[in-house]
file work_28.cif (mmCIF, C-alpha atoms and all ligand atoms)
data_run
loop_
_atom_site.label_atom_id
_atom_site.label_comp_id
_atom_site.auth_asym_id
_atom_site.auth_seq_id
_atom_site.Cartn_x
_atom_site.Cartn_y
_atom_site.Cartn_z
CA MET A 854 18.37 -11.15 12.23
CA VAL A 855 18.45 -12.26 8.61
CA VAL A 856 19.91 -15.44 7.16
CA VAL A 857 21.13 -15.09 3.57
CA MET A 858 21.20 -18.44 1.76
CA GLY A 859 23.75 -18.99 -1.00
CA PRO A 860 22.63 -19.46 -4.62
CA LYS A 861 23.01 -23.25 -4.35
CA ALA A 862 20.82 -23.61 -1.25
CA THR A 863 18.29 -26.44 -1.45
CA GLU A 864 14.80 -26.59 0.06
CA GLN A 865 16.29 -28.96 2.65
CA ASP A 866 18.89 -26.38 3.71
CA ILE A 867 16.18 -23.74 4.05
CA ALA A 868 13.96 -26.11 6.04
CA LYS A 869 16.88 -26.86 8.38
CA VAL A 870 17.35 -23.18 9.21
CA VAL A 871 13.60 -22.74 9.75
CA ALA A 872 13.49 -25.78 12.05
CA ILE A 873 16.42 -24.54 14.18
CA VAL A 874 14.75 -21.14 14.60
CA GLU A 875 11.32 -22.56 15.39
CA GLN A 876 12.73 -25.00 17.93
CA ALA A 877 14.25 -22.01 19.71
CA GLY A 878 10.81 -20.37 19.91
CA GLY A 879 11.34 -17.91 17.04
CA ASP A 880 9.52 -17.32 13.76
CA ALA A 881 11.20 -17.67 10.37
CA PHE A 882 9.89 -15.87 7.27
CA VAL A 883 11.24 -17.26 4.02
CA SER A 884 11.47 -14.87 1.13
CA ARG A 885 12.53 -16.34 -2.21
CA GLY A 886 14.17 -13.77 -4.49
CA LYS A 887 15.33 -14.23 -8.06
CA HIS A 888 18.90 -15.02 -7.01
CA ARG A 889 18.86 -15.64 -3.30
CA THR A 890 16.58 -16.85 -0.56
CA ILE A 891 16.54 -14.74 2.58
CA ILE A 892 15.12 -15.93 5.89
CA GLY A 893 13.97 -13.23 8.31
CA LEU A 894 14.11 -14.26 11.96
CA VAL A 895 11.67 -12.72 14.41
CA GLY A 896 12.15 -13.25 18.13
CA ASP A 897 15.02 -12.98 20.57
CA SER A 898 18.12 -11.96 18.54
CA ASP A 899 20.54 -12.78 21.39
CA ARG A 900 19.17 -16.32 21.47
CA PHE A 901 19.41 -16.65 17.65
CA ALA A 902 23.08 -15.60 17.76
CA GLU A 903 23.84 -18.74 19.80
CA LEU A 904 22.09 -21.15 17.41
CA PRO A 905 24.09 -23.35 14.99
CA ILE A 906 22.68 -21.61 11.89
CA GLN A 907 26.09 -20.89 10.31
CA GLY A 908 26.71 -24.65 10.27
CA VAL A 909 23.77 -25.40 7.94
CA PRO A 910 25.01 -26.07 4.37
CA ASN A 911 24.78 -23.11 1.97
CA VAL A 912 24.19 -20.47 4.63
CA GLU A 913 26.11 -17.56 3.16
CA ASN A 914 25.70 -14.98 5.87
CA VAL A 915 23.83 -14.21 9.08
CA VAL A 916 23.16 -10.50 9.45
CA ARG A 917 21.87 -8.74 12.51
CA ILE A 918 19.41 -5.97 11.64
CA GLY A 919 19.47 -3.40 14.41
CA LYS A 920 16.21 -1.83 13.35
CA SER A 921 12.75 -1.66 14.87
CA TYR A 922 11.33 -3.11 11.66
CA LYS A 923 12.86 -6.11 9.96
CA LEU A 924 10.53 -7.95 7.57
CA VAL A 925 9.71 -4.79 5.63
CA ALA A 926 13.40 -3.74 5.61
CA ARG A 927 15.32 -3.83 2.36
CA GLU A 928 18.00 -6.02 3.95
CA THR A 929 15.48 -8.84 4.44
CA HIS A 930 14.29 -8.75 0.86
CA PRO A 931 16.76 -7.18 -1.59
CA ASP A 932 14.38 -7.64 -4.56
CA PRO A 933 11.56 -5.07 -4.53
CA THR A 934 8.15 -6.56 -3.75
CA GLU A 935 5.74 -6.91 -6.66
CA ILE A 936 2.03 -7.17 -6.00
CA LYS A 937 -0.39 -8.69 -8.49
CA VAL A 938 -3.83 -7.10 -8.46
CA GLY A 939 -6.16 -8.45 -11.12
CA ALA A 940 -4.55 -7.87 -14.48
CA ILE A 941 -1.74 -5.57 -13.31
CA THR A 942 1.34 -5.78 -11.13
CA ILE A 943 2.15 -2.93 -8.75
CA SER A 944 5.92 -2.71 -8.87
CA ARG A 945 8.88 -0.41 -8.79
CA ASN A 946 9.32 -0.80 -12.54
CA THR A 947 6.02 0.78 -13.50
CA LEU A 948 3.51 3.49 -12.59
CA THR A 949 0.08 2.34 -11.39
CA LEU A 950 -2.83 4.76 -11.57
CA ILE A 951 -5.74 4.67 -9.12
CA ALA A 952 -8.71 7.01 -9.34
CA GLY A 953 -12.24 7.20 -8.01
CA PRO A 954 -14.50 9.05 -5.63
CA CYS A 955 -13.42 9.70 -2.07
CA ALA A 956 -16.78 8.39 -0.86
CA ILE A 957 -19.43 6.26 -2.52
CA GLU A 958 -22.48 8.51 -2.10
CA THR A 959 -25.09 7.09 -4.45
CA GLU A 960 -25.07 4.37 -7.09
CA GLU A 961 -25.35 6.98 -9.83
CA GLN A 962 -22.48 9.15 -8.53
CA ALA A 963 -20.22 6.16 -7.91
CA MET A 964 -20.83 4.50 -11.28
CA SER A 965 -20.29 7.77 -13.05
CA ALA A 966 -16.98 8.32 -11.20
CA ALA A 967 -15.92 4.72 -11.93
CA MET A 968 -16.52 5.23 -15.66
CA MET A 969 -14.52 8.50 -15.47
CA ALA A 970 -11.62 6.57 -13.92
CA LYS A 971 -11.79 3.88 -16.60
CA THR A 972 -12.03 6.35 -19.50
CA ALA A 973 -9.10 8.36 -18.13
CA GLY A 974 -6.91 5.24 -18.12
CA ALA A 975 -6.81 4.30 -14.44
CA HIS A 976 -5.77 0.72 -13.57
CA ILE A 977 -7.60 0.52 -10.25
CA VAL A 978 -10.77 2.20 -9.02
CA ARG A 979 -11.15 3.62 -5.49
CA GLY A 980 -14.32 4.38 -3.53
CA ASP A 981 -15.08 4.29 0.18
CA ALA A 982 -18.11 2.77 1.86
CA TYR A 983 -16.83 3.60 5.35
CA LYS A 984 -15.51 7.09 6.02
CA HIS A 985 -13.37 8.23 8.92
CA ARG A 986 -14.56 11.81 9.39
CA THR A 987 -13.15 14.33 11.82
CA SER A 988 -16.67 15.52 12.66
CA PRO A 989 -19.26 12.96 13.80
CA TYR A 990 -21.88 14.97 11.88
CA ALA A 991 -20.13 14.57 8.51
CA PHE A 992 -21.20 11.87 6.01
CA GLN A 993 -19.93 8.53 7.35
CA GLY A 994 -20.44 6.38 4.23
CA LEU A 995 -23.08 3.95 2.95
CA LYS A 996 -21.45 0.99 4.73
CA LYS A 997 -22.57 -2.41 3.35
CA ARG A 998 -24.64 -0.84 0.58
CA GLY A 999 -21.52 1.12 -0.39
CA LEU A 1000 -19.55 -2.12 -0.65
CA GLU A 1001 -22.16 -3.55 -3.00
CA ILE A 1002 -21.87 -0.46 -5.19
CA LEU A 1003 -18.06 -0.75 -5.07
CA LYS A 1004 -18.33 -4.29 -6.40
CA GLN A 1005 -20.55 -3.04 -9.20
CA MET A 1006 -18.01 -0.29 -10.01
CA SER A 1007 -15.35 -2.94 -10.29
CA VAL A 1008 -17.41 -5.40 -12.35
CA GLU A 1009 -18.71 -2.79 -14.80
CA THR A 1010 -15.30 -1.18 -15.40
CA GLY A 1011 -13.35 -4.44 -15.27
CA LEU A 1012 -10.93 -2.72 -12.85
CA PRO A 1013 -9.84 -4.02 -9.45
CA SER A 1014 -10.78 -1.87 -6.46
CA VAL A 1015 -9.38 -0.39 -3.27
CA THR A 1016 -11.47 0.71 -0.31
CA GLU A 1017 -10.90 1.64 3.33
CA VAL A 1018 -11.63 -0.65 6.26
CA LEU A 1019 -12.08 1.08 9.60
CA ASN A 1020 -12.64 -1.69 12.13
CA VAL A 1021 -11.43 -5.16 12.99
CA ALA A 1022 -15.05 -6.35 12.92
CA ASP A 1023 -15.48 -5.26 9.28
CA VAL A 1024 -12.28 -6.76 7.83
CA GLU A 1025 -13.82 -10.02 6.62
CA LEU A 1026 -16.84 -8.29 5.09
CA VAL A 1027 -14.78 -5.61 3.31
CA ALA A 1028 -12.25 -8.20 2.09
CA GLY A 1029 -15.09 -10.02 0.33
CA TYR A 1030 -15.96 -6.96 -1.75
CA THR A 1031 -12.59 -5.49 -2.74
CA ASP A 1032 -9.18 -6.38 -4.11
CA ILE A 1033 -7.08 -4.08 -1.90
CA LEU A 1034 -7.98 -3.09 1.66
CA ARG A 1035 -6.85 0.36 2.68
CA ILE A 1036 -5.80 1.38 6.16
CA GLY A 1037 -6.33 5.13 6.44
CA ALA A 1038 -4.05 7.72 8.01
CA ARG A 1039 -6.12 7.84 11.22
CA ASN A 1040 -5.73 4.10 11.70
CA MET A 1041 -2.05 3.73 10.87
CA GLN A 1042 -1.31 2.84 14.47
CA ASN A 1043 -4.48 0.84 15.14
CA PHE A 1044 -2.36 -2.20 15.87
CA GLU A 1045 -5.27 -4.63 16.27
CA LEU A 1046 -6.55 -3.63 12.83
CA LEU A 1047 -3.05 -3.98 11.35
CA ARG A 1048 -2.78 -7.48 12.81
CA GLU A 1049 -6.19 -8.42 11.45
CA VAL A 1050 -5.43 -7.38 7.85
CA GLY A 1051 -2.08 -9.10 8.32
CA LYS A 1052 -3.95 -12.40 8.59
CA LEU A 1053 -5.41 -11.94 5.10
CA ARG A 1054 -3.71 -13.05 1.92
CA GLN A 1055 -4.89 -9.99 0.05
CA PRO A 1056 -3.04 -6.72 -0.68
CA VAL A 1057 -3.23 -3.94 1.91
CA MET A 1058 -2.56 -0.27 1.24
CA LEU A 1059 -1.16 1.43 4.33
CA LYS A 1060 -1.44 5.21 4.40
CA ARG A 1061 0.96 7.31 6.40
CA GLY A 1062 -0.41 8.60 9.71
CA LEU A 1063 -1.21 12.30 10.06
CA SER A 1064 1.96 12.99 12.03
CA ALA A 1065 3.79 9.71 11.66
CA THR A 1066 7.52 9.50 11.09
CA ILE A 1067 8.79 7.23 8.35
CA GLU A 1068 10.10 4.84 10.99
CA GLU A 1069 6.72 4.66 12.76
CA TRP A 1070 5.10 4.02 9.40
CA LEU A 1071 7.46 1.17 8.61
CA GLN A 1072 6.84 -0.31 12.05
CA ALA A 1073 3.10 -0.21 11.31
CA ALA A 1074 3.78 -2.11 8.06
CA GLU A 1075 5.84 -4.58 10.09
CA TYR A 1076 2.73 -5.38 12.19
CA ILE A 1077 0.95 -6.46 8.99
CA MET A 1078 3.85 -8.47 7.59
CA ASN A 1079 4.55 -10.08 10.93
CA GLU A 1080 1.16 -11.83 10.61
CA GLY A 1081 2.23 -13.29 7.27
CA ASN A 1082 0.76 -10.82 4.78
CA ALA A 1083 3.63 -9.56 2.61
CA GLU A 1084 1.45 -7.70 0.09
CA ILE A 1085 1.70 -4.16 1.41
CA ILE A 1086 1.60 -0.92 -0.57
CA LEU A 1087 2.74 2.22 1.26
CA CYS A 1088 0.84 5.42 0.45
CA GLU A 1089 2.29 8.86 1.24
CA ARG A 1090 -0.62 11.29 1.72
CA GLY A 1091 1.03 14.32 3.28
CA ILE A 1092 1.83 15.05 6.90
CA ARG A 1093 0.65 17.68 9.33
CA THR A 1094 2.95 20.68 9.51
CA PHE A 1095 2.61 24.34 10.60
CA GLU A 1096 1.42 25.33 7.09
CA PRO A 1097 -2.37 25.84 6.96
CA MET A 1098 -2.63 26.75 3.26
CA THR A 1099 -2.44 23.11 2.25
CA ARG A 1100 -4.46 20.35 3.88
CA ASN A 1101 -1.19 18.48 4.55
CA THR A 1102 2.41 18.87 3.42
CA LEU A 1103 3.40 16.26 0.82
CA ASP A 1104 6.66 14.71 1.96
CA VAL A 1105 8.27 14.03 -1.41
CA ALA A 1106 11.49 12.82 0.23
CA ALA A 1107 9.54 9.93 1.75
CA VAL A 1108 9.39 8.18 -1.64
CA PRO A 1109 13.14 7.81 -2.33
CA LEU A 1110 13.80 7.24 1.38
CA LEU A 1111 11.31 4.38 1.53
CA HIS A 1112 12.69 2.91 -1.67
CA LYS A 1113 16.04 2.68 0.07
CA LEU A 1114 14.80 1.51 3.48
CA SER A 1115 12.16 -0.97 2.34
CA HIS A 1116 11.30 -3.34 -0.49
CA LEU A 1117 7.64 -2.31 -0.56
CA PRO A 1118 6.06 -0.30 -3.39
CA VAL A 1119 5.34 3.35 -2.56
CA ILE A 1120 2.49 5.33 -4.06
CA VAL A 1121 1.39 8.93 -3.49
CA ASP A 1122 -2.05 10.45 -2.90
CA PRO A 1123 -1.75 14.04 -4.18
CA SER A 1124 -5.45 14.73 -3.46
CA HIS A 1125 -5.37 14.34 0.33
CA SER A 1126 -1.89 15.91 0.42
CA GLY A 1127 -2.79 19.33 -0.97
CA GLY A 1128 -6.53 19.22 -0.36
CA LYS A 1129 -7.11 21.63 -3.27
CA ARG A 1130 -8.01 20.84 -6.87
CA ASP A 1131 -5.35 23.17 -8.31
CA LEU A 1132 -2.60 21.44 -6.36
CA VAL A 1133 -3.40 17.89 -7.47
CA ALA A 1134 -1.61 18.04 -10.85
CA PRO A 1135 1.58 19.75 -9.59
CA LEU A 1136 1.85 17.35 -6.64
CA ALA A 1137 1.17 14.35 -8.90
CA ARG A 1138 4.01 15.47 -11.18
CA ALA A 1139 6.31 15.92 -8.18
CA ALA A 1140 5.45 12.42 -6.96
CA VAL A 1141 6.29 10.86 -10.32
CA ALA A 1142 9.50 12.91 -10.53
CA VAL A 1143 10.74 11.45 -7.22
CA GLY A 1144 9.97 7.91 -8.38
CA ALA A 1145 6.53 7.09 -6.94
CA ASP A 1146 5.29 3.65 -8.05
CA GLY A 1147 1.72 4.86 -8.34
CA LEU A 1148 -0.77 7.66 -7.76
CA MET A 1149 -4.20 7.64 -6.14
CA ILE A 1150 -6.42 10.55 -7.16
CA ASP A 1151 -9.91 11.66 -6.01
CA ILE A 1152 -12.44 12.34 -8.79
CA HIS A 1153 -16.14 13.25 -8.75
CA PRO A 1154 -18.76 13.82 -11.47
CA ASN A 1155 -19.91 16.97 -9.63
CA PRO A 1156 -17.36 18.08 -7.01
CA ALA A 1157 -19.51 21.02 -5.86
CA ALA A 1158 -22.13 18.53 -4.64
CA ALA A 1159 -19.69 16.01 -3.11
CA LEU A 1160 -20.46 14.77 0.40
CA CYS A 1161 -16.76 14.36 1.14
CA ASP A 1162 -13.61 16.16 -0.05
CA GLY A 1163 -15.23 17.97 -3.02
CA PRO A 1164 -12.61 20.79 -3.08
CA GLN A 1165 -9.85 18.34 -4.01
CA ALA A 1166 -11.80 16.18 -6.48
CA LEU A 1167 -10.97 16.40 -10.17
CA THR A 1168 -13.66 16.39 -12.85
CA ALA A 1169 -13.88 14.23 -15.99
CA ASP A 1170 -12.25 17.04 -17.97
CA GLU A 1171 -9.30 17.20 -15.58
CA ILE A 1172 -8.45 13.58 -14.77
CA GLY A 1173 -7.91 12.35 -18.37
CA PRO A 1174 -5.26 14.94 -19.34
CA LEU A 1175 -3.52 14.56 -15.96
CA LEU A 1176 -3.18 10.78 -16.27
CA THR A 1177 -1.88 11.15 -19.82
CA GLU A 1178 0.64 13.75 -18.65
CA VAL A 1179 1.95 11.73 -15.69
CA ALA A 1180 2.25 8.67 -17.92
CA THR A 1181 4.52 10.67 -20.25
CA LEU A 1182 6.55 11.97 -17.32
CA ALA A 1183 6.90 8.47 -15.87
CA ARG A 1184 8.18 7.16 -19.21
CA VAL A 1185 10.86 9.85 -19.18
CA MET A 1186 11.77 8.62 -15.69
CA GLY A 1187 12.15 5.08 -17.08
CA LYS A 1188 8.88 3.83 -15.64
CA PRO A 1189 6.22 2.85 -18.16
CA LEU A 1190 2.58 2.55 -17.13
CA ALA A 1191 1.62 -0.76 -15.50
CA ASP A 1192 0.52 -3.03 -18.33
CA PRO A 1193 -2.81 -4.81 -17.90
CA LYS A 1194 -1.83 -7.31 -20.59
CA GLN A 1195 1.22 -8.52 -18.64
CA ASN A 1196 -0.54 -10.84 -16.19
CA LEU A 1197 -3.17 -11.90 -18.72
CA ALA A 1198 -0.41 -13.08 -21.03
CA ALA A 1199 1.34 -14.83 -18.13
CA SER A 1200 -1.85 -16.65 -17.12
CA GLY A 1201 -2.43 -17.70 -20.71
C1 LIG B 1301 -9.00 8.77 1.76
O1 LIG B 1301 -8.13 8.33 0.99
O2 LIG B 1301 -10.17 8.92 1.43
C2 LIG B 1301 -8.63 9.16 3.13
C3 LIG B 1301 -9.54 9.20 4.09
O3 LIG B 1301 -7.34 9.48 3.27
P1 LIG B 1301 -6.43 9.56 4.60
O4 LIG B 1301 -6.68 8.31 5.39
O5 LIG B 1301 -5.05 9.66 4.02
O6 LIG B 1301 -6.84 10.80 5.33
MN MN B 1302 -11.07 11.76 1.22
#
call {"tool": "encode", "arguments": {"input": "work_28.cif", "output": "structure tokens", "more": "lines below"}}
Ligand code: PEP
Ligand code: MN
result
Amino acid sequence: MVVVMGPKATEQDIAKVVAIVEQAGGDAFVSRGKHRTIIGLVGDSDRFAELPIQGVPNVENVVRIGKSYKLVARETHPDPTEIKVGAITISRNTLTLIAGPCAIETEEQAMSAAMMAKTAGAHIVRGDAYKHRTSPYAFQGLKKRGLEILKQMSVETGLPSVTEVLNVADVELVAGYTDILRIGARNMQNFELLREVGKLRQPVMLKRGLSATIEEWLQAAEYIMNEGNAEIILCERGIRTFEPMTRNTLDVAAVPLLHKLSHLPVIVDPSHSGGKRDLVAPLARAAVAVGADGLMIDIHPNPAAALCDGPQALTADEIGPLLTEVATLARVMGKPLADPKQNLAASG
């Protein structure tokens, strides 16, 4: 259930609605948009329907949302969510570029990849210290040492970072080293982990599960937001289909669908989608053409020697021209690149 407050609603009116809901054992999530405040109610909808909410001054409408996800639904929050990360804002109005190595392997490799990302024009650097590998014998990441290197990548490039967290027990540690915590495809339905990152007040990137439907994915995001963390970035990374020639099948329709169903920003990972270097650029273009709010791309100073996902990693010669090209394409689509000066100017 969602309560839409009229444009003249005061803080007192909003507090009245929240108090009525909380007294009835429900939770109320207040979301203040540019024109309207919306209050999302979580709990027993039948019980809420009996409450005297309509009688509170300036309540414009009470809408029942018959969906399995509510807080992440567009109805709850008509204005698209904008997420500030360091100097940039991830939003539906711009294209945000993320690049970096799949795994942090050594300090030298990681720093070199971070500088490649910076030189190519990326806004955010990626790099994983903890790897979820299908085989237990594959490289599992440098763990805490990897996080220290990640911090160095971020400090030396001046770019914020994103990295994966695999376990509930590691959330606090990882959160101390990065700007955005990533939940990987294999953990999309690790509900305890979703709840744990939901307790943070730090952006979370939620990748789509290997075979997850869009509705299951949105319900996973709902777990995070239900704990109070509204800063969620959805990342389409391809789904498992019958086609073995690509690592996964990029679901381009997911981007416009999610834009309609949810208020969250949606980015695309063309590297894990195709799994092949030659497919990264065409899939990145496709993602921008369907309106993706950002791209996350694997790069490596020497892909042939990579300990993880070398076949899909771009080199220094490839990433620069690709980012320039997608920036041009995005401009044609009415989406300029995210501007690092925007937040700096706003913060004086
Ligand atoms: C990754 O981005 O490195 C990764 C492991 O991706 P996914 O979780 O989408 O498989
Ligand atoms: Mn990878």
call {"tool": "closest_residue", "arguments": {"input": "work_28.cif", "among": "A:Val1057, A:Leu1176, A:Leu1117, A:Ala982", "to": "ligand LIG 1301 (chain B)", "atoms": "all atoms listed in the file"}}
result
A:Ala982
call {"tool": "residues_near_point", "arguments": {"input": "work_28.cif", "point": "(20.7, -16.6, 8.8)", "cutoff": "10 Å", "atoms": "only C-alpha atoms", "output": "VMD selection string"}}
result
chain A and resid 854 to 858 867 870 to 871 874 881 891 to 894 901 to 902 904 to 907 909 912 to 917
call {"tool": "residues_around", "arguments": {"input": "work_28.cif", "residues": "Lys1004 of chain A", "least_positions_apart": "4", "cutoff": "12 Å", "atoms": "only C-alpha atoms", "output": "ChimeraX atom specification"}}
result
/A:957,960,963-964,967,978-982,997-1000,1008-1016,1027-1032
call {"tool": "residues_around", "arguments": {"input": "work_28.cif", "residues": "Asn1079 of chain A", "least_positions_apart": "6", "cutoff": "9 Å", "atoms": "only C-alpha atoms", "output": "ChimeraX atom specification"}}
result
/A:882,895,924,1048,1051
call {"tool": "closest_atom_pairs", "arguments": {"input": "work_28.cif", "of": "chain A", "to": "ligand LIG 1301 (chain B)", "cutoff": "8 Å", "atoms": "all atoms listed in the file", "output": "tab-separated table"}}
result
residue	atom	partner	partner_atom	distance
A:Cys955	CA	B:LIG1301	O2	4.8
A:Ala956	CA	B:LIG1301	O2	7.0
A:Gly980	CA	B:LIG1301	O2	7.9
A:Asp981	CA	B:LIG1301	O2	6.9
A:Lys984	CA	B:LIG1301	C3	6.6
A:His985	CA	B:LIG1301	C3	6.2
A:Arg986	CA	B:LIG1301	C3	7.8
A:Glu1017	CA	B:LIG1301	C1	7.5
A:Ile1036	CA	B:LIG1301	O4	7.0
A:Gly1037	CA	B:LIG1301	O4	3.4
A:Ala1038	CA	B:LIG1301	O4	3.8
A:Arg1039	CA	B:LIG1301	O4	5.9
A:Asn1040	CA	B:LIG1301	O4	7.6
A:Lys1060	CA	B:LIG1301	O5	5.7
A:Arg1061	CA	B:LIG1301	O5	6.9
A:Gly1062	CA	B:LIG1301	O5	7.4
A:Leu1063	CA	B:LIG1301	O6	7.5
A:Glu1089	CA	B:LIG1301	O5	7.9
A:Arg1090	CA	B:LIG1301	O5	5.3
A:Gly1091	CA	B:LIG1301	O5	7.7
A:Asp1122	CA	B:LIG1301	O1	7.5
A:His1125	CA	B:LIG1301	O5	6.0
A:Ser1126	CA	B:LIG1301	O5	7.9
A:Asp1151	CA	B:LIG1301	O2	7.9
call {"tool": "write_last_selection", "arguments": {"input": "work_28.cif", "atoms": "C-alpha atoms", "output": "PDB file, keeping the file's coordinate frame"}}
result
ATOM      1  CA  CYS A 955     -13.420   9.700  -2.070  1.00  0.00           C
ATOM      2  CA  ALA A 956     -16.780   8.390  -0.860  1.00  0.00           C
ATOM      3  CA  GLY A 980     -14.320   4.380  -3.530  1.00  0.00           C
ATOM      4  CA  ASP A 981     -15.080   4.290   0.180  1.00  0.00           C
ATOM      5  CA  LYS A 984     -15.510   7.090   6.020  1.00  0.00           C
ATOM      6  CA  HIS A 985     -13.370   8.230   8.920  1.00  0.00           C
ATOM      7  CA  ARG A 986     -14.560  11.810   9.390  1.00  0.00           C
ATOM      8  CA  GLU A1017     -10.900   1.640   3.330  1.00  0.00           C
ATOM      9  CA  ILE A1036      -5.800   1.380   6.160  1.00  0.00           C
ATOM     10  CA  GLY A1037      -6.330   5.130   6.440  1.00  0.00           C
ATOM     11  CA  ALA A1038      -4.050   7.720   8.010  1.00  0.00           C
ATOM     12  CA  ARG A1039      -6.120   7.840  11.220  1.00  0.00           C
ATOM     13  CA  ASN A1040      -5.730   4.100  11.700  1.00  0.00           C
ATOM     14  CA  LYS A1060      -1.440   5.210   4.400  1.00  0.00           C
ATOM     15  CA  ARG A1061       0.960   7.310   6.400  1.00  0.00           C
ATOM     16  CA  GLY A1062      -0.410   8.600   9.710  1.00  0.00           C
ATOM     17  CA  LEU A1063      -1.210  12.300  10.060  1.00  0.00           C
ATOM     18  CA  GLU A1089       2.290   8.860   1.240  1.00  0.00           C
ATOM     19  CA  ARG A1090      -0.620  11.290   1.720  1.00  0.00           C
ATOM     20  CA  GLY A1091       1.030  14.320   3.280  1.00  0.00           C
ATOM     21  CA  ASP A1122      -2.050  10.450  -2.900  1.00  0.00           C
ATOM     22  CA  HIS A1125      -5.370  14.340   0.330  1.00  0.00           C
ATOM     23  CA  SER A1126      -1.890  15.910   0.420  1.00  0.00           C
ATOM     24  CA  ASP A1151      -9.910  11.660  -6.010  1.00  0.00           C
TER      25      ASP A1151
END
call {"tool": "residues_around", "arguments": {"input": "work_28.cif", "residues": "segment 1128-1143 of chain A", "least_positions_apart": "2", "cutoff": "9 Å", "atoms": "all atoms listed in the file", "output": "VMD selection string"}}
result
chain A and resid 948 1099 to 1101 1103 1105 to 1106 1108 to 1109 1120 to 1126 1145 to 1148 1150 1162 to 1167 1175 1178 to 1180 1182 to 1183 1186
call {"tool": "atom_distance", "arguments": {"input": "work_28.cif", "atom1": "atom CA of Ala926 of chain A", "atom2": "atom CA of Leu1059 of chain A"}}
result
15.5 Å
call {"tool": "closest_residue", "arguments": {"input": "work_28.cif", "among": "A:Gly879, A:Cys1088, A:Glu961, A:Ile951", "to": "Gln1005 of chain A", "atoms": "all atoms listed in the file"}}
result
A:Glu961
call {"tool": "atom_distance", "arguments": {"input": "work_28.cif", "atom1": "atom CA of Pro1097 of chain A", "atom2": "atom CA of Arg1035 of chain A"}}
result
26.2 Å
call {"tool": "closest_residue", "arguments": {"input": "work_28.cif", "among": "A:Val1024, A:Val1050, A:Leu1114, A:Ala991", "to": "ligand MN 1302 (chain B)", "atoms": "only C-alpha atoms and all ligand atoms"}}
result
A:Ala991
call {"tool": "atom_distance", "arguments": {"input": "work_28.cif", "atom1": "atom CA of Gly1144 of chain A", "atom2": "atom CA of Val1185 of chain A"}}
result
11.0 Å
call {"tool": "closest_residue", "arguments": {"input": "work_28.cif", "among": "A:Met1149, A:Leu1071, A:Leu1190, A:Ala862", "to": "Gln1042 of chain A", "atoms": "all atoms listed in the file"}}
result
A:Leu1071
call {"tool": "closest_residue", "arguments": {"input": "work_28.cif", "among": "A:Met1078, A:Ala868, A:Val1119, A:Ala952", "to": "ligand MN 1302 (chain B)", "atoms": "only C-alpha atoms and all ligand atoms"}}
result
A:Ala952
call {"tool": "closest_residue", "arguments": {"input": "work_28.cif", "among": "A:Glu1171, A:Leu1047, A:Pro954, A:Ala973", "to": "ligand MN 1302 (chain B)", "atoms": "all atoms listed in the file"}}
result
A:Pro954
call {"tool": "residues_around", "arguments": {"input": "work_28.cif", "residues": "Thr934 of chain A", "least_positions_apart": "6", "cutoff": "7 Å", "atoms": "only C-alpha atoms", "output": "JSON, numbers by chain"}}
result
{"A": [944, 1116, 1117, 1118]}
call {"tool": "residues_around", "arguments": {"input": "work_28.cif", "residues": "Glu1049 of chain A", "least_positions_apart": "3", "cutoff": "9 Å", "atoms": "all atoms listed in the file", "output": "MDAnalysis selection string"}}
result
chainID A and resid 1021 1024 1044:1046 1052:1053 1077 1080
call {"tool": "write_last_selection", "arguments": {"input": "work_28.cif", "atoms": "C-alpha atoms", "output": "compact mmCIF listing (two decimals), in the frame of the given file"}}
result
# COMPACT_ATOMS: atom_id res chain seq x y z
CA VAL A 1021 -11.43 -5.16 12.99
CA VAL A 1024 -12.28 -6.76 7.83
CA PHE A 1044 -2.36 -2.20 15.87
CA GLU A 1045 -5.27 -4.63 16.27
CA LEU A 1046 -6.55 -3.63 12.83
CA LYS A 1052 -3.95 -12.40 8.59
CA LEU A 1053 -5.41 -11.94 5.10
CA ILE A 1077 0.95 -6.46 8.99
CA GLU A 1080 1.16 -11.83 10.61
call {"tool": "build_atoms", "arguments": {"input": "work_28.cif", "residues": "segment 900-905 of chain A", "atoms": "N, CA, C and O atoms", "output": "short mmCIF file (atom, residue, chain, number, x, y, z; two decimals), in the coordinates of the input"}}
result
data_model
loop_
_atom_site.label_atom_id
_atom_site.label_comp_id
_atom_site.auth_asym_id
_atom_site.auth_seq_id
_atom_site.Cartn_x
_atom_site.Cartn_y
_atom_site.Cartn_z
N ARG A 900 19.32 -14.85 21.49
CA ARG A 900 19.17 -16.32 21.47
C ARG A 900 19.56 -16.87 20.09
O ARG A 900 20.27 -17.86 20.00
N PHE A 901 19.11 -16.18 19.02
CA PHE A 901 19.41 -16.65 17.65
C PHE A 901 20.93 -16.68 17.42
O PHE A 901 21.45 -17.56 16.73
N ALA A 902 21.64 -15.69 17.99
CA ALA A 902 23.08 -15.60 17.76
C ALA A 902 23.81 -16.85 18.27
O ALA A 902 24.88 -17.19 17.78
N GLU A 903 23.19 -17.54 19.24
CA GLU A 903 23.84 -18.74 19.80
C GLU A 903 23.49 -20.01 19.02
O GLU A 903 24.04 -21.07 19.29
N LEU A 904 22.55 -19.94 18.11
CA LEU A 904 22.09 -21.15 17.41
C LEU A 904 23.07 -21.57 16.31
O LEU A 904 23.76 -20.72 15.73
N PRO A 905 23.11 -22.88 15.98
CA PRO A 905 24.09 -23.35 14.99
C PRO A 905 23.66 -23.11 13.54
O PRO A 905 23.76 -24.01 12.70
#
